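What follows is a single structure, written as structure tokens, with notes after it.
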Amino acid sequence: MPVFPNSFLLLFYQTALGGLFALAATPFHELERGFFKSTAGVLFVMGLLGFAGKADLYAGSISEGLKAAVAFEVIFYALFLVSFSIYLFSLWGERVRLRARAFASSLFVGLAGLSLSAHGFYAAPLLSLETILYPASFFFSALLLGGVTVGMLIGHWYLVDAGHSLVPFHRLFKFFFASLVAQAAFLPALWILLFFLGHPETVSSLKQLWSEHYVLVLARVSAGVAAPLIISYMIWRTLKIPHTMAATGLFYIALLGVFVGEILGRQILALSSLPF
């Protein structure tokens, strides 16, 4: 598949999947059902847009001779959307078992599809460090994208429907912050592990990336990790007051930083096939 569009469309899939993990951290019975309906609806549309955007890429791959990895990626992405749609449907009613099973299957199928997507970006053999590190990098990015998106949406929900306990907001913030810290710790570890233990072609790409695009790498870390870490401290201090309107505004800024950082990361992925 063409590298550039495939890299950037991955962002939609990661946000939808990571958002479901963020919803899993939200206490279901402490918020109005409307929050889960609206948030899941936004996430589903993002996943659907990503799949629609990749439809031409999948069709092109089919016309060139469909590879097994691409075929399974199509299947798992479609199954993810089907499971997600069933979960979304189950929110209108009290189909508890259906909702739980659809939600769990969305997570597992989505993770499988994300791992298959990662496989298409590296040239190392299956039995290599890249087989573990690439999906892990995609997963951490998904958690961060989903966490900041759902965090912003729950803040907006408190502005619309005030008077509820702030426990769900605090839990979403903790999920976002944990995802951000995990991303901040993983990126340098990823660089070191790939440089010393990666496939020779991966090591060559690392050297070329730093020599030709080090400004892009620094911008990605600054916008996508350093700035959101500073803003997360401000959100925490604001929630302690508490002031949900200010915290929501800060979440908007954090979302901007995270998405800019991840878009720069997709540019790096497209240029060098490295998951930063």
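Ordering of the structure tokens sets the chain letters (A, B, ...); residue numbers start at 1 within each chain; ligands are numbered from 1 in the order shown.
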### Exercise: region 247-263 of chain A partners within 9 Å, only C-alpha atoms, chain neighbours under 3 positions left out, as number ranges by chain
A: 8, 11, 141, 144-145, 148-149, 151-156, 158-159, 219-225, 227-229, 231-232, 234-239, 242-244, 266-268, 276
### Task
Find the residues around Leu193 (chain A) up to 12 Å (only C-alpha atoms counted), leave out those fewer than 3 positions away in its own chain, and share them as an MDAnalysis selection string.
chainID A and resid 128:130 132:134 186:190 196:199 202:203 206
Residues as selected, C-alpha atoms, written as a PDB file, in the first residue's frame, can you do that?
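Once everything was written out, this is again_18.pdb:
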ATOM      1  CA  SER A 128      12.667  -9.905  15.051  1.00  0.00           C
ATOM      2  CA  LEU A 129      12.475  -7.184  17.663  1.00  0.00           C
ATOM      3  CA  GLU A 130      10.483  -5.028  15.257  1.00  0.00           C
ATOM      4  CA  ILE A 132       7.151  -6.567  19.074  1.00  0.00           C
ATOM      5  CA  LEU A 133       8.198  -2.916  19.133  1.00  0.00           C
ATOM      6  CA  TYR A 134       6.201  -1.638  16.151  1.00  0.00           C
ATOM      7  CA  PHE A 186       8.733   4.302  25.497  1.00  0.00           C
ATOM      8  CA  LEU A 187      10.018   6.567  22.718  1.00  0.00           C
ATOM      9  CA  PRO A 188      13.651   6.800  23.921  1.00  0.00           C
ATOM     10  CA  ALA A 189      13.605   3.095  24.845  1.00  0.00           C
ATOM     11  CA  LEU A 190      12.326   2.297  21.351  1.00  0.00           C
ATOM     12  CA  PHE A 196      21.398  -1.691  19.154  1.00  0.00           C
ATOM     13  CA  LEU A 197      19.189  -4.735  18.507  1.00  0.00           C
ATOM     14  CA  GLY A 198      17.169  -3.891  15.419  1.00  0.00           C
ATOM     15  CA  HIS A 199      17.442  -5.204  11.878  1.00  0.00           C
ATOM     16  CA  THR A 202      16.096  -0.401  10.617  1.00  0.00           C
ATOM     17  CA  VAL A 203      19.402   0.832  12.057  1.00  0.00           C
ATOM     18  CA  LEU A 206      17.480   5.480  12.219  1.00  0.00           C
TER      19      LEU A 206
END
### Task
Using only C-alpha atoms, pick whichever of A:Ser179, A:Gln14, A:Thr26, A:Ser273 has the shortest atom-to-atom distance to Ser115 (chain A).
A:Gln14
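Residues in contact range of Val109 (chain A), defined as at most 9 Å between only C-alpha atoms, with sequence neighbours fewer than 3 positions away removed, read A:Phe76, A:Tyr77, A:Leu79, A:Phe80, A:Ser83, A:Ala104, A:Ser105, A:Ser106, A:Ala112, A:Gly113, A:Leu114.
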Output of the above residues as a PDB file, in the first residue's frame, restricted to N, CA and C atoms:
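New file result_6.pdb:
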ATOM      1  N   PHE A  76      -9.884  -7.662   9.857  1.00  0.00           N
ATOM      2  CA  PHE A  76      -9.929  -7.278  11.263  1.00  0.00           C
ATOM      3  C   PHE A  76     -10.415  -5.842  11.444  1.00  0.00           C
ATOM      4  N   TYR A  77     -10.059  -4.981  10.510  1.00  0.00           N
ATOM      5  CA  TYR A  77     -10.552  -3.598  10.586  1.00  0.00           C
ATOM      6  C   TYR A  77     -12.073  -3.594  10.429  1.00  0.00           C
ATOM      7  N   LEU A  79     -14.144  -6.114  11.054  1.00  0.00           N
ATOM      8  CA  LEU A  79     -14.723  -6.730  12.248  1.00  0.00           C
ATOM      9  C   LEU A  79     -14.718  -5.777  13.437  1.00  0.00           C
ATOM     10  N   PHE A  80     -13.669  -4.970  13.522  1.00  0.00           N
ATOM     11  CA  PHE A  80     -13.602  -3.954  14.583  1.00  0.00           C
ATOM     12  C   PHE A  80     -14.774  -2.993  14.475  1.00  0.00           C
ATOM     13  N   SER A  83     -18.091  -4.842  15.413  1.00  0.00           N
ATOM     14  CA  SER A  83     -18.209  -4.994  16.872  1.00  0.00           C
ATOM     15  C   SER A  83     -18.497  -3.659  17.538  1.00  0.00           C
ATOM     16  N   ALA A 104     -15.791  -5.900  24.524  1.00  0.00           N
ATOM     17  CA  ALA A 104     -14.573  -6.705  24.652  1.00  0.00           C
ATOM     18  C   ALA A 104     -14.060  -7.153  23.288  1.00  0.00           C
ATOM     19  N   SER A 105     -14.968  -7.584  22.409  1.00  0.00           N
ATOM     20  CA  SER A 105     -14.531  -8.032  21.082  1.00  0.00           C
ATOM     21  C   SER A 105     -13.965  -6.872  20.269  1.00  0.00           C
ATOM     22  N   SER A 106     -14.514  -5.664  20.454  1.00  0.00           N
ATOM     23  CA  SER A 106     -13.977  -4.489  19.760  1.00  0.00           C
ATOM     24  C   SER A 106     -12.531  -4.244  20.168  1.00  0.00           C
ATOM     25  N   ALA A 112      -5.734  -6.692  17.335  1.00  0.00           N
ATOM     26  CA  ALA A 112      -5.212  -7.585  16.295  1.00  0.00           C
ATOM     27  C   ALA A 112      -5.026  -6.829  14.980  1.00  0.00           C
ATOM     28  N   GLY A 113      -6.014  -6.009  14.628  1.00  0.00           N
ATOM     29  CA  GLY A 113      -5.911  -5.227  13.400  1.00  0.00           C
ATOM     30  C   GLY A 113      -4.782  -4.223  13.449  1.00  0.00           C
ATOM     31  N   LEU A 114      -4.572  -3.610  14.622  1.00  0.00           N
ATOM     32  CA  LEU A 114      -3.482  -2.641  14.771  1.00  0.00           C
ATOM     33  C   LEU A 114      -2.124  -3.329  14.625  1.00  0.00           C
TER      34      LEU A 114
END
